>>> print(open('protein16.tsv').read())   # TSV, N, CA and C atoms
chain	number	residue	atom	x	y	z
A	1275	MET	N	25.11	-14.82	9.96
A	1275	MET	CA	24.02	-14.99	10.89
A	1275	MET	C	23.29	-16.28	10.54
A	1276	ASP	N	23.00	-17.06	11.52
A	1276	ASP	CA	22.35	-18.34	11.34
A	1276	ASP	C	20.84	-18.16	11.23
A	1277	ASP	N	20.24	-18.67	10.13
A	1277	ASP	CA	18.81	-18.54	9.94
A	1277	ASP	C	18.01	-19.29	11.00
A	1278	GLU	N	18.62	-20.24	11.69
A	1278	GLU	CA	17.91	-21.02	12.70
A	1278	GLU	C	17.98	-20.39	14.09
A	1279	HIS	N	18.68	-19.30	14.22
A	1279	HIS	CA	18.84	-18.64	15.53
A	1279	HIS	C	17.47	-18.24	16.08
A	1280	PRO	N	17.22	-18.46	17.38
A	1280	PRO	CA	15.90	-18.15	17.93
A	1280	PRO	C	15.49	-16.69	17.83
A	1281	ASN	N	16.43	-15.75	17.77
A	1281	ASN	CA	16.07	-14.34	17.64
A	1281	ASN	C	15.50	-14.01	16.27
A	1282	ASN	N	15.60	-14.94	15.33
A	1282	ASN	CA	15.06	-14.72	13.99
A	1282	ASN	C	13.61	-15.15	13.87
A	1283	GLU	N	12.98	-15.52	14.96
A	1283	GLU	CA	11.58	-15.92	14.92
A	1283	GLU	C	10.71	-14.82	15.47
A	1284	ARG	N	9.57	-14.62	14.82
A	1284	ARG	CA	8.61	-13.64	15.30
A	1284	ARG	C	7.85	-14.23	16.47
A	1285	ARG	N	7.07	-13.41	17.13
A	1285	ARG	CA	6.25	-13.88	18.25
A	1285	ARG	C	5.28	-14.96	17.80
A	1286	THR	N	4.95	-14.98	16.53
A	1286	THR	CA	4.02	-15.99	16.01
A	1286	THR	C	4.72	-17.32	15.79
A	1287	GLY	N	6.02	-17.37	15.96
A	1287	GLY	CA	6.77	-18.60	15.74
A	1287	GLY	C	7.30	-18.74	14.33
A	1288	GLN	N	6.96	-17.80	13.45
A	1288	GLN	CA	7.45	-17.87	12.08
A	1288	GLN	C	8.86	-17.29	12.02
A	1289	LYS	N	9.68	-17.86	11.15
A	1289	LYS	CA	11.03	-17.35	10.98
A	1289	LYS	C	11.04	-16.03	10.24
A	1290	LEU	N	12.01	-15.19	10.58
A	1290	LEU	CA	12.20	-13.93	9.89
A	1290	LEU	C	12.57	-14.23	8.44
A	1291	ILE	N	11.97	-13.52	7.51
A	1291	ILE	CA	12.19	-13.78	6.08
A	1291	ILE	C	13.48	-13.11	5.63
A	1292	TYR	N	14.38	-13.88	5.05
A	1292	TYR	CA	15.65	-13.38	4.50
A	1292	TYR	C	16.40	-12.47	5.46
A	1293	PRO	N	16.73	-12.93	6.65
A	1293	PRO	CA	17.35	-12.03	7.64
A	1293	PRO	C	18.69	-11.46	7.18
A	1294	GLU	N	19.58	-12.28	6.67
A	1294	GLU	CA	20.90	-11.77	6.28
A	1294	GLU	C	20.80	-10.75	5.16
A	1295	LEU	N	20.02	-11.07	4.14
A	1295	LEU	CA	19.87	-10.15	3.00
A	1295	LEU	C	19.22	-8.85	3.44
A	1296	SER	N	18.16	-8.93	4.22
A	1296	SER	CA	17.48	-7.70	4.62
A	1296	SER	C	18.35	-6.86	5.55
A	1297	TYR	N	19.13	-7.48	6.44
A	1297	TYR	CA	20.04	-6.72	7.30
A	1297	TYR	C	21.09	-5.99	6.46
A	1298	LYS	N	21.59	-6.67	5.44
A	1298	LYS	CA	22.59	-6.06	4.57
A	1298	LYS	C	22.00	-4.85	3.83
A	1299	VAL	N	20.82	-5.04	3.27
A	1299	VAL	CA	20.16	-3.97	2.52
A	1299	VAL	C	19.86	-2.78	3.44
A	1300	VAL	N	19.33	-3.06	4.62
A	1300	VAL	CA	19.02	-1.99	5.58
A	1300	VAL	C	20.29	-1.24	5.98
A	1301	GLY	N	21.38	-1.96	6.17
A	1301	GLY	CA	22.65	-1.31	6.49
A	1301	GLY	C	23.09	-0.37	5.39
A	1302	LEU	N	22.89	-0.76	4.13
A	1302	LEU	CA	23.26	0.09	3.00
A	1302	LEU	C	22.35	1.32	2.92
A	1303	ILE	N	21.09	1.13	3.25
A	1303	ILE	CA	20.16	2.27	3.28
A	1303	ILE	C	20.63	3.29	4.32
A	1304	TYR	N	21.00	2.81	5.51
A	1304	TYR	CA	21.50	3.72	6.54
A	1304	TYR	C	22.79	4.41	6.11
A	1305	LYS	N	23.63	3.70	5.38
A	1305	LYS	CA	24.87	4.31	4.88
A	1305	LYS	C	24.56	5.45	3.91
A	1306	VAL	N	23.60	5.24	3.03
A	1306	VAL	CA	23.19	6.32	2.11
A	1306	VAL	C	22.71	7.52	2.91
A	1307	ASN	N	21.88	7.28	3.91
A	1307	ASN	CA	21.37	8.39	4.72
A	1307	ASN	C	22.52	9.11	5.43
A	1308	ASP	N	23.46	8.36	5.98
A	1308	ASP	CA	24.60	8.97	6.68
A	1308	ASP	C	25.46	9.82	5.74
A	1309	GLU	N	25.61	9.33	4.50
A	1309	GLU	CA	26.49	10.00	3.55
A	1309	GLU	C	25.86	11.24	2.91
A	1310	ILE	N	24.58	11.15	2.50
A	1310	ILE	CA	24.01	12.27	1.76
A	1310	ILE	C	22.85	12.97	2.47
A	1311	GLY	N	22.33	12.37	3.55
A	1311	GLY	CA	21.33	13.05	4.36
A	1311	GLY	C	20.01	13.31	3.65
A	1312	PHE	N	19.22	14.16	4.26
A	1312	PHE	CA	17.89	14.47	3.76
A	1312	PHE	C	17.95	15.61	2.74
A	1313	GLY	N	16.92	15.65	1.90
A	1313	GLY	CA	16.77	16.78	0.98
A	1313	GLY	C	17.06	16.45	-0.46
A	1314	GLN	N	17.38	15.19	-0.76
A	1314	GLN	CA	17.65	14.78	-2.13
A	1314	GLN	C	16.37	14.22	-2.77
A	1315	SER	N	16.41	14.04	-4.07
A	1315	SER	CA	15.27	13.44	-4.77
A	1315	SER	C	15.33	11.92	-4.63
A	1316	GLU	N	14.20	11.30	-4.90
A	1316	GLU	CA	14.14	9.84	-4.86
A	1316	GLU	C	15.18	9.23	-5.81
A	1317	LYS	N	15.36	9.83	-6.97
A	1317	LYS	CA	16.33	9.33	-7.94
A	1317	LYS	C	17.74	9.33	-7.38
A	1318	VAL	N	18.12	10.38	-6.66
A	1318	VAL	CA	19.46	10.45	-6.07
A	1318	VAL	C	19.65	9.33	-5.06
A	1319	TYR	N	18.65	9.10	-4.21
A	1319	TYR	CA	18.76	8.02	-3.24
A	1319	TYR	C	18.86	6.66	-3.93
A	1320	CYS	N	18.07	6.47	-4.98
A	1320	CYS	CA	18.12	5.21	-5.73
A	1320	CYS	C	19.47	5.03	-6.42
A	1321	ASP	N	20.01	6.10	-6.99
A	1321	ASP	CA	21.34	6.03	-7.62
A	1321	ASP	C	22.40	5.64	-6.59
A	1322	ALA	N	22.33	6.25	-5.40
A	1322	ALA	CA	23.29	5.94	-4.35
A	1322	ALA	C	23.16	4.49	-3.89
A	1323	LEU	N	21.92	4.03	-3.72
A	1323	LEU	CA	21.72	2.63	-3.33
A	1323	LEU	C	22.22	1.68	-4.40
A	1324	SER	N	22.00	2.02	-5.67
A	1324	SER	CA	22.50	1.18	-6.77
A	1324	SER	C	24.01	1.02	-6.68
A	1325	LYS	N	24.71	2.11	-6.46
A	1325	LYS	CA	26.17	2.06	-6.36
A	1325	LYS	C	26.62	1.20	-5.19
A	1326	LEU	N	25.98	1.36	-4.04
A	1326	LEU	CA	26.36	0.58	-2.87
A	1326	LEU	C	26.01	-0.90	-3.02
A	1327	LEU	N	24.86	-1.20	-3.63
A	1327	LEU	CA	24.51	-2.60	-3.86
A	1327	LEU	C	25.53	-3.26	-4.78
A	1328	GLU	N	25.90	-2.59	-5.86
A	1328	GLU	CA	26.93	-3.11	-6.77
A	1328	GLU	C	28.25	-3.31	-6.04
A	1329	LYS	N	28.68	-2.30	-5.32
A	1329	LYS	CA	29.96	-2.34	-4.60
A	1329	LYS	C	30.01	-3.49	-3.59
A	1330	ASN	N	28.87	-3.84	-3.03
A	1330	ASN	CA	28.80	-4.89	-2.02
A	1330	ASN	C	28.38	-6.25	-2.58
A	1331	GLY	N	28.36	-6.36	-3.90
A	1331	GLY	CA	28.09	-7.64	-4.54
A	1331	GLY	C	26.67	-8.15	-4.39
A	1332	VAL	N	25.72	-7.24	-4.23
A	1332	VAL	CA	24.32	-7.63	-4.10
A	1332	VAL	C	23.66	-7.47	-5.47
A	1333	SER	N	23.11	-8.56	-6.01
A	1333	SER	CA	22.48	-8.48	-7.33
A	1333	SER	C	21.10	-7.84	-7.19
A	1334	PHE	N	20.75	-7.04	-8.18
A	1334	PHE	CA	19.47	-6.34	-8.14
A	1334	PHE	C	19.06	-5.93	-9.54
A	1335	LYS	N	17.77	-5.65	-9.66
A	1335	LYS	CA	17.22	-5.03	-10.86
A	1335	LYS	C	16.53	-3.76	-10.39
A	1336	ARG	N	16.68	-2.72	-11.18
A	1336	ARG	CA	16.12	-1.43	-10.82
A	1336	ARG	C	15.01	-1.05	-11.77
A	1337	GLU	N	13.98	-0.41	-11.23
A	1337	GLU	CA	12.81	0.02	-12.00
A	1337	GLU	C	12.28	-1.13	-12.85
A	1338	LEU	N	12.06	-2.24	-12.18
A	1338	LEU	CA	11.61	-3.46	-12.85
A	1338	LEU	C	10.12	-3.36	-13.19
A	1339	TYR	N	9.81	-3.56	-14.45
A	1339	TYR	CA	8.44	-3.50	-14.95
A	1339	TYR	C	7.68	-4.76	-14.54
A	1340	CYS	N	6.48	-4.57	-14.01
A	1340	CYS	CA	5.63	-5.70	-13.63
A	1340	CYS	C	4.19	-5.36	-14.01
A	1341	PRO	N	3.72	-5.89	-15.13
A	1341	PRO	CA	2.35	-5.58	-15.53
A	1341	PRO	C	1.33	-6.37	-14.70
A	1342	ILE	N	0.17	-5.78	-14.48
A	1342	ILE	CA	-0.96	-6.47	-13.85
A	1342	ILE	C	-1.85	-6.91	-15.01
A	1343	LYS	N	-2.09	-8.23	-15.11
A	1343	LYS	CA	-2.82	-8.76	-16.26
A	1343	LYS	C	-4.08	-9.51	-15.84
A	1344	LEU	N	-5.04	-9.51	-16.74
A	1344	LEU	CA	-6.24	-10.31	-16.62
A	1344	LEU	C	-6.47	-10.95	-17.97
A	1345	ASP	N	-6.51	-12.26	-17.98
A	1345	ASP	CA	-6.68	-13.00	-19.24
A	1345	ASP	C	-5.68	-12.56	-20.30
A	1346	GLY	N	-4.44	-12.31	-19.87
A	1346	GLY	CA	-3.38	-11.94	-20.79
A	1346	GLY	C	-3.36	-10.48	-21.20
A	1347	GLU	N	-4.35	-9.72	-20.78
A	1347	GLU	CA	-4.43	-8.30	-21.13
A	1347	GLU	C	-3.89	-7.45	-19.98
A	1348	VAL	N	-3.04	-6.50	-20.32
A	1348	VAL	CA	-2.44	-5.64	-19.31
A	1348	VAL	C	-3.49	-4.63	-18.83
A	1349	LEU	N	-3.76	-4.69	-17.53
A	1349	LEU	CA	-4.72	-3.75	-16.91
A	1349	LEU	C	-4.01	-2.53	-16.34
A	1350	SER	N	-2.80	-2.76	-15.83
A	1350	SER	CA	-2.07	-1.69	-15.17
A	1350	SER	C	-0.58	-2.00	-15.23
A	1351	LYS	N	0.21	-0.95	-15.20
A	1351	LYS	CA	1.67	-1.12	-15.24
A	1351	LYS	C	2.25	-0.69	-13.90
A	1352	ARG	N	3.17	-1.49	-13.37
A	1352	ARG	CA	3.85	-1.17	-12.12
A	1352	ARG	C	5.36	-1.24	-12.36
A	1353	TYR	N	6.09	-0.41	-11.64
A	1353	TYR	CA	7.54	-0.42	-11.70
A	1353	TYR	C	8.06	-0.48	-10.27
A	1354	PHE	N	8.76	-1.54	-9.95
A	1354	PHE	CA	9.36	-1.68	-8.63
A	1354	PHE	C	10.67	-0.90	-8.61
A	1355	ASP	N	10.94	-0.14	-7.56
A	1355	ASP	CA	12.20	0.60	-7.48
A	1355	ASP	C	13.37	-0.37	-7.58
A	1356	PHE	N	13.36	-1.41	-6.76
A	1356	PHE	CA	14.41	-2.43	-6.78
A	1356	PHE	C	13.80	-3.80	-6.51
A	1357	VAL	N	14.32	-4.81	-7.19
A	1357	VAL	CA	14.12	-6.20	-6.79
A	1357	VAL	C	15.52	-6.71	-6.49
A	1358	ILE	N	15.72	-7.13	-5.26
A	1358	ILE	CA	17.05	-7.49	-4.79
A	1358	ILE	C	17.18	-9.00	-4.68
A	1359	GLU	N	18.17	-9.52	-5.43
A	1359	GLU	CA	18.47	-10.95	-5.49
A	1359	GLU	C	17.24	-11.79	-5.80
A	1360	GLY	N	16.28	-11.20	-6.49
A	1360	GLY	CA	15.07	-11.92	-6.87
A	1360	GLY	C	14.22	-12.33	-5.68
A	1361	LYS	N	14.51	-11.75	-4.51
A	1361	LYS	CA	13.84	-12.18	-3.29
A	1361	LYS	C	12.99	-11.11	-2.62
A	1362	LEU	N	13.43	-9.87	-2.69
A	1362	LEU	CA	12.68	-8.83	-1.98
A	1362	LEU	C	12.57	-7.58	-2.82
A	1363	ILE	N	11.49	-6.85	-2.57
A	1363	ILE	CA	11.24	-5.58	-3.26
A	1363	ILE	C	11.61	-4.45	-2.31
A	1364	LEU	N	12.38	-3.51	-2.80
A	1364	LEU	CA	12.74	-2.32	-2.04
A	1364	LEU	C	12.12	-1.11	-2.72
A	1365	GLU	N	11.31	-0.38	-1.97
A	1365	GLU	CA	10.71	0.86	-2.46
A	1365	GLU	C	11.32	2.02	-1.70
A	1366	VAL	N	11.74	3.05	-2.42
A	1366	VAL	CA	12.37	4.23	-1.83
A	1366	VAL	C	11.40	5.40	-1.92
A	1367	LYS	N	11.24	6.08	-0.81
A	1367	LYS	CA	10.36	7.25	-0.76
A	1367	LYS	C	11.09	8.40	-0.08
A	1368	VAL	N	10.66	9.62	-0.36
A	1368	VAL	CA	11.23	10.81	0.28
A	1368	VAL	C	10.12	11.49	1.06
A	1369	GLY	N	10.36	11.73	2.35
A	1369	GLY	CA	9.39	12.42	3.19
A	1369	GLY	C	8.44	11.47	3.89
A	1370	ASP	N	7.58	12.05	4.71
A	1370	ASP	CA	6.64	11.27	5.51
A	1370	ASP	C	5.24	11.17	4.90
A	1371	TYR	N	4.98	11.97	3.88
A	1371	TYR	CA	3.63	11.99	3.35
A	1371	TYR	C	3.29	10.68	2.62
A	1372	LYS	N	2.03	10.35	2.62
A	1372	LYS	CA	1.48	9.18	1.93
A	1372	LYS	C	2.13	7.86	2.39
A	1373	TYR	N	2.45	7.78	3.67
A	1373	TYR	CA	3.10	6.58	4.19
A	1373	TYR	C	2.20	5.35	4.09
A	1374	LYS	N	0.93	5.49	4.48
A	1374	LYS	CA	0.00	4.35	4.41
A	1374	LYS	C	-0.20	3.88	2.98
A	1375	GLU	N	-0.26	4.83	2.06
A	1375	GLU	CA	-0.41	4.47	0.65
A	1375	GLU	C	0.82	3.71	0.14
A	1376	ALA	N	2.00	4.13	0.60
A	1376	ALA	CA	3.23	3.44	0.20
A	1376	ALA	C	3.25	2.01	0.72
A	1377	CYS	N	2.80	1.81	1.96
A	1377	CYS	CA	2.73	0.45	2.53
A	1377	CYS	C	1.74	-0.40	1.74
A	1378	SER	N	0.60	0.16	1.43
A	1378	SER	CA	-0.41	-0.56	0.66
A	1378	SER	C	0.11	-0.91	-0.74
A	1379	GLN	N	0.79	0.05	-1.37
A	1379	GLN	CA	1.36	-0.18	-2.69
A	1379	GLN	C	2.36	-1.32	-2.65
A	1380	LEU	N	3.25	-1.32	-1.66
A	1380	LEU	CA	4.25	-2.37	-1.56
A	1380	LEU	C	3.60	-3.72	-1.31
A	1381	PHE	N	2.59	-3.77	-0.47
A	1381	PHE	CA	1.90	-5.03	-0.22
A	1381	PHE	C	1.27	-5.55	-1.52
A	1382	GLN	N	0.68	-4.66	-2.32
A	1382	GLN	CA	0.12	-5.06	-3.61
A	1382	GLN	C	1.22	-5.59	-4.53
A	1383	TYR	N	2.38	-4.93	-4.54
A	1383	TYR	CA	3.51	-5.40	-5.35
A	1383	TYR	C	3.92	-6.81	-4.94
A	1384	LEU	N	3.95	-7.06	-3.64
A	1384	LEU	CA	4.33	-8.38	-3.14
A	1384	LEU	C	3.35	-9.44	-3.62
A	1385	LYS	N	2.07	-9.14	-3.55
A	1385	LYS	CA	1.06	-10.10	-3.99
A	1385	LYS	C	1.18	-10.38	-5.49
A	1386	VAL	N	1.37	-9.34	-6.27
A	1386	VAL	CA	1.47	-9.50	-7.73
A	1386	VAL	C	2.72	-10.28	-8.11
A	1387	SER	N	3.83	-9.99	-7.44
A	1387	SER	CA	5.11	-10.61	-7.79
A	1387	SER	C	5.30	-11.97	-7.14
A	1388	LYS	N	4.46	-12.29	-6.15
A	1388	LYS	CA	4.56	-13.53	-5.37
A	1388	LYS	C	5.85	-13.59	-4.56
A	1389	MET	N	6.41	-12.43	-4.24
A	1389	MET	CA	7.57	-12.37	-3.35
A	1389	MET	C	7.08	-12.28	-1.92
A	1390	GLU	N	7.95	-12.64	-0.99
A	1390	GLU	CA	7.55	-12.73	0.41
A	1390	GLU	C	7.89	-11.51	1.26
A	1391	LEU	N	8.82	-10.66	0.79
A	1391	LEU	CA	9.27	-9.57	1.64
A	1391	LEU	C	9.48	-8.30	0.85
A	1392	GLY	N	9.02	-7.20	1.43
A	1392	GLY	CA	9.27	-5.88	0.89
A	1392	GLY	C	9.82	-4.98	1.97
A	1393	ILE	N	10.60	-4.00	1.55
A	1393	ILE	CA	11.14	-3.01	2.47
A	1393	ILE	C	10.86	-1.63	1.89
A	1394	ILE	N	10.33	-0.75	2.75
A	1394	ILE	CA	10.16	0.66	2.37
A	1394	ILE	C	11.23	1.44	3.11
A	1395	ALA	N	11.97	2.25	2.37
A	1395	ALA	CA	12.95	3.16	2.96
A	1395	ALA	C	12.45	4.57	2.71
A	1396	ARG	N	12.14	5.29	3.79
A	1396	ARG	CA	11.66	6.67	3.69
A	1396	ARG	C	12.74	7.59	4.21
A	1397	PHE	N	13.26	8.44	3.35
A	1397	PHE	CA	14.27	9.41	3.74
A	1397	PHE	C	13.54	10.67	4.18
A	1398	THR	N	13.62	10.98	5.48
A	1398	THR	CA	12.88	12.10	6.05
A	1398	THR	C	13.85	13.08	6.73
A	1399	LYS	N	13.34	14.23	7.10
A	1399	LYS	CA	14.17	15.22	7.79
A	1399	LYS	C	14.61	14.72	9.16
A	1400	ASN	N	13.92	13.72	9.69
A	1400	ASN	CA	14.27	13.11	10.99
A	1400	ASN	C	15.05	11.82	10.83
A	1401	GLY	N	15.65	11.61	9.67
A	1401	GLY	CA	16.42	10.40	9.41
A	1401	GLY	C	15.66	9.43	8.53
A	1402	VAL	N	16.31	8.35	8.22
A	1402	VAL	CA	15.69	7.34	7.37
A	1402	VAL	C	14.82	6.43	8.24
A	1403	LYS	N	13.67	6.06	7.71
A	1403	LYS	CA	12.75	5.18	8.42
A	1403	LYS	C	12.56	3.93	7.55
A	1404	ILE	N	12.70	2.78	8.18
A	1404	ILE	CA	12.64	1.51	7.46
A	1404	ILE	C	11.42	0.73	7.93
A	1405	LYS	N	10.69	0.14	7.00
A	1405	LYS	CA	9.56	-0.72	7.33
A	1405	LYS	C	9.67	-2.01	6.51
A	1406	ARG	N	9.72	-3.12	7.22
A	1406	ARG	CA	9.69	-4.44	6.57
A	1406	ARG	C	8.24	-4.86	6.44
A	1407	ILE	N	7.85	-5.30	5.25
A	1407	ILE	CA	6.48	-5.75	5.03
A	1407	ILE	C	6.52	-7.17	4.48
A	1408	PRO	N	6.13	-8.14	5.30
A	1408	PRO	CA	6.07	-9.52	4.81
A	1408	PRO	C	4.73	-9.78	4.11
A	1409	CYS	N	4.72	-10.72	3.21
A	1409	CYS	CA	3.50	-11.11	2.52
A	1409	CYS	C	3.32	-12.61	2.69
A	1410	PHE	N	2.28	-13.00	3.38
A	1410	PHE	CA	2.02	-14.42	3.64
A	1410	PHE	C	0.85	-14.95	2.81
A	1411	TYR	N	0.42	-14.20	1.79
A	1411	TYR	CA	-0.73	-14.62	1.01
A	1411	TYR	C	-0.32	-15.18	-0.31
>>> encode(input="protein16.tsv", output="structure tokens")
Amino acid sequence: MDDEHPNNERRTGQKLIYPELSYKVVGLIYKVNDEIGFGQSEKVYCDALSKLLEKNGVSFKRELYCPIKLDGEVLSKRYFDFVIEGKLILEVKVGDYKYKEACSQLFQYLKVSKMELGIIARFTKNGVKIKRIPCFY
């Protein structure tokens, strides 16, 4: 897919962030949902995604530690479910509860990590729900 293609631009005129990578990751998320469905733990979904990412040659780090610091002192500890190719954060959730909190958490992760794109994958009884969250700050 060509990054310069006009369909990759938002209504604001900005280009879609990492279109090829995010399409690939989203496709793998849907494959996990198709294969194992709803009702598993977050760990099972993350294990399945890890296997598919490896199988498809996508580099990633799992449960990546990211401390929040002030003047060199750790104020809080964060763990990202996945950092994919050093470009985007993928957070995996099960169910529909606390959706707004998950979006807020991912946005905070993006600001702390200085990454531009996050994806939340929520495995629900009505299928998997995907949300792309860009960070322009």
>>> closest_atom_pairs(input="protein16.tsv", of="segment 1331-1400 of chain A", to="segment 1313-1319 of chain A", cutoff="8 Å", atoms="only C-alpha atoms", output="Markdown table")
| residue | atom | partner | partner_atom | distance |
| --- | --- | --- | --- | --- |
| A:Val1366 | CA | A:Glu1316 | CA | 6.6 |
| A:Lys1367 | CA | A:Glu1316 | CA | 6.1 |
| A:Val1368 | CA | A:Glu1316 | CA | 6.0 |
| A:Thr1398 | CA | A:Gly1313 | CA | 7.9 |
| A:Lys1399 | CA | A:Gly1313 | CA | 7.5 |
>>> select_by_dssp(input="protein16.tsv", residues="segment 1316-1387 of chain A", states="helix (DSSP H, G or I)", output="PyMOL selection string")
chain A and resi 1316-1329+1373-1387
>>> closest_residue(input="protein16.tsv", among="A:Leu1362, A:Cys1377, A:Ile1394, A:Met1389", to="Cys1409 of chain A", atoms="only C-alpha atoms")
A:Met1389
>>> closest_residue(input="protein16.tsv", among="A:Asp1321, A:Glu1390, A:Glu1337, A:Asp1308", to="Asp1355 of chain A", atoms="all atoms listed in the file")
A:Glu1337
>>> atom_distance(input="protein16.tsv", atom1="atom CA of Arg1336 of chain A", atom2="atom C of Asn1400 of chain A")
25.4 Å
>>> residues_around(input="protein16.tsv", residues="segment 1301-1303 of chain A", least_positions_apart="4", cutoff="8 Å", atoms="all atoms listed in the file", output="list in words")
Leu1295, Ser1296, Tyr1297, Asn1307, Asp1308, Glu1309, Ala1322, Leu1323, Leu1326, Leu1327, Ala1395 and Val1402 of chain A
>>> atom_distance(input="protein16.tsv", atom1="atom CA of Val1300 of chain A", atom2="atom CA of Pro1341 of chain A")
27.1 Å
>>> closest_residue(input="protein16.tsv", among="A:Phe1356, A:Lys1388, A:Lys1361, A:Glu1375", to="Lys1335 of chain A", atoms="all atoms listed in the file")
A:Phe1356
>>> axis_aligned_box(input="protein16.tsv", around="segment 1295-1299 of chain A", padding_each_side="3 Å", output="AutoDock Vina command-line options")
--center_x 20.0 --center_y -6.9 --center_z 4.9 --size_x 11.1 --size_y 14.3 --size_z 10.8
>>> residues_near_point(input="protein16.tsv", point="(6.3, -6.1, 4.1)", cutoff="7 Å", atoms="all atoms listed in the file", output="mmCIF file with N, CA and C atoms, keeping the file's coordinate frame")
data_model
loop_
_atom_site.group_PDB
_atom_site.id
_atom_site.type_symbol
_atom_site.label_atom_id
_atom_site.label_comp_id
_atom_site.auth_asym_id
_atom_site.auth_seq_id
_atom_site.Cartn_x
_atom_site.Cartn_y
_atom_site.Cartn_z
ATOM 1 N N LEU A 1380 3.250 -1.320 -1.660
ATOM 2 C CA LEU A 1380 4.250 -2.370 -1.560
ATOM 3 C C LEU A 1380 3.600 -3.720 -1.310
ATOM 4 N N PHE A 1381 2.590 -3.770 -0.470
ATOM 5 C CA PHE A 1381 1.900 -5.030 -0.220
ATOM 6 C C PHE A 1381 1.270 -5.550 -1.520
ATOM 7 N N GLU A 1390 7.950 -12.640 -0.990
ATOM 8 C CA GLU A 1390 7.550 -12.730 0.410
ATOM 9 C C GLU A 1390 7.890 -11.510 1.260
ATOM 10 N N LEU A 1391 8.820 -10.660 0.790
ATOM 11 C CA LEU A 1391 9.270 -9.570 1.640
ATOM 12 C C LEU A 1391 9.480 -8.300 0.850
ATOM 13 N N GLY A 1392 9.020 -7.200 1.430
ATOM 14 C CA GLY A 1392 9.270 -5.880 0.890
ATOM 15 C C GLY A 1392 9.820 -4.980 1.970
ATOM 16 N N ILE A 1393 10.600 -4.000 1.550
ATOM 17 C CA ILE A 1393 11.140 -3.010 2.470
ATOM 18 C C ILE A 1393 10.860 -1.630 1.890
ATOM 19 N N ILE A 1394 10.330 -0.750 2.750
ATOM 20 C CA ILE A 1394 10.160 0.660 2.370
ATOM 21 C C ILE A 1394 11.230 1.440 3.110
ATOM 22 N N LYS A 1405 10.690 0.140 7.000
ATOM 23 C CA LYS A 1405 9.560 -0.720 7.330
ATOM 24 C C LYS A 1405 9.670 -2.010 6.510
ATOM 25 N N ARG A 1406 9.720 -3.120 7.220
ATOM 26 C CA ARG A 1406 9.690 -4.440 6.570
ATOM 27 C C ARG A 1406 8.240 -4.860 6.440
ATOM 28 N N ILE A 1407 7.850 -5.300 5.250
ATOM 29 C CA ILE A 1407 6.480 -5.750 5.030
ATOM 30 C C ILE A 1407 6.520 -7.170 4.480
ATOM 31 N N PRO A 1408 6.130 -8.140 5.300
ATOM 32 C CA PRO A 1408 6.070 -9.520 4.810
ATOM 33 C C PRO A 1408 4.730 -9.780 4.110
ATOM 34 N N CYS A 1409 4.720 -10.720 3.210
ATOM 35 C CA CYS A 1409 3.500 -11.110 2.520
ATOM 36 C C CYS A 1409 3.320 -12.610 2.690
#
>>> atom_distance(input="protein16.tsv", atom1="atom CA of Leu1384 of chain A", atom2="atom CA of Ile1404 of chain A")
16.7 Å
>>> select_by_dssp(input="protein16.tsv", residues="segment 1330-1378 of chain A", states="strand (DSSP E)", output="ChimeraX atom specification")
/A:1334-1344,1347-1358,1362-1368
>>> closest_residue(input="protein16.tsv", among="A:Val1386, A:Val1332, A:Ala1376, A:Ile1363", to="Leu1344 of chain A", atoms="only C-alpha atoms")
A:Val1386
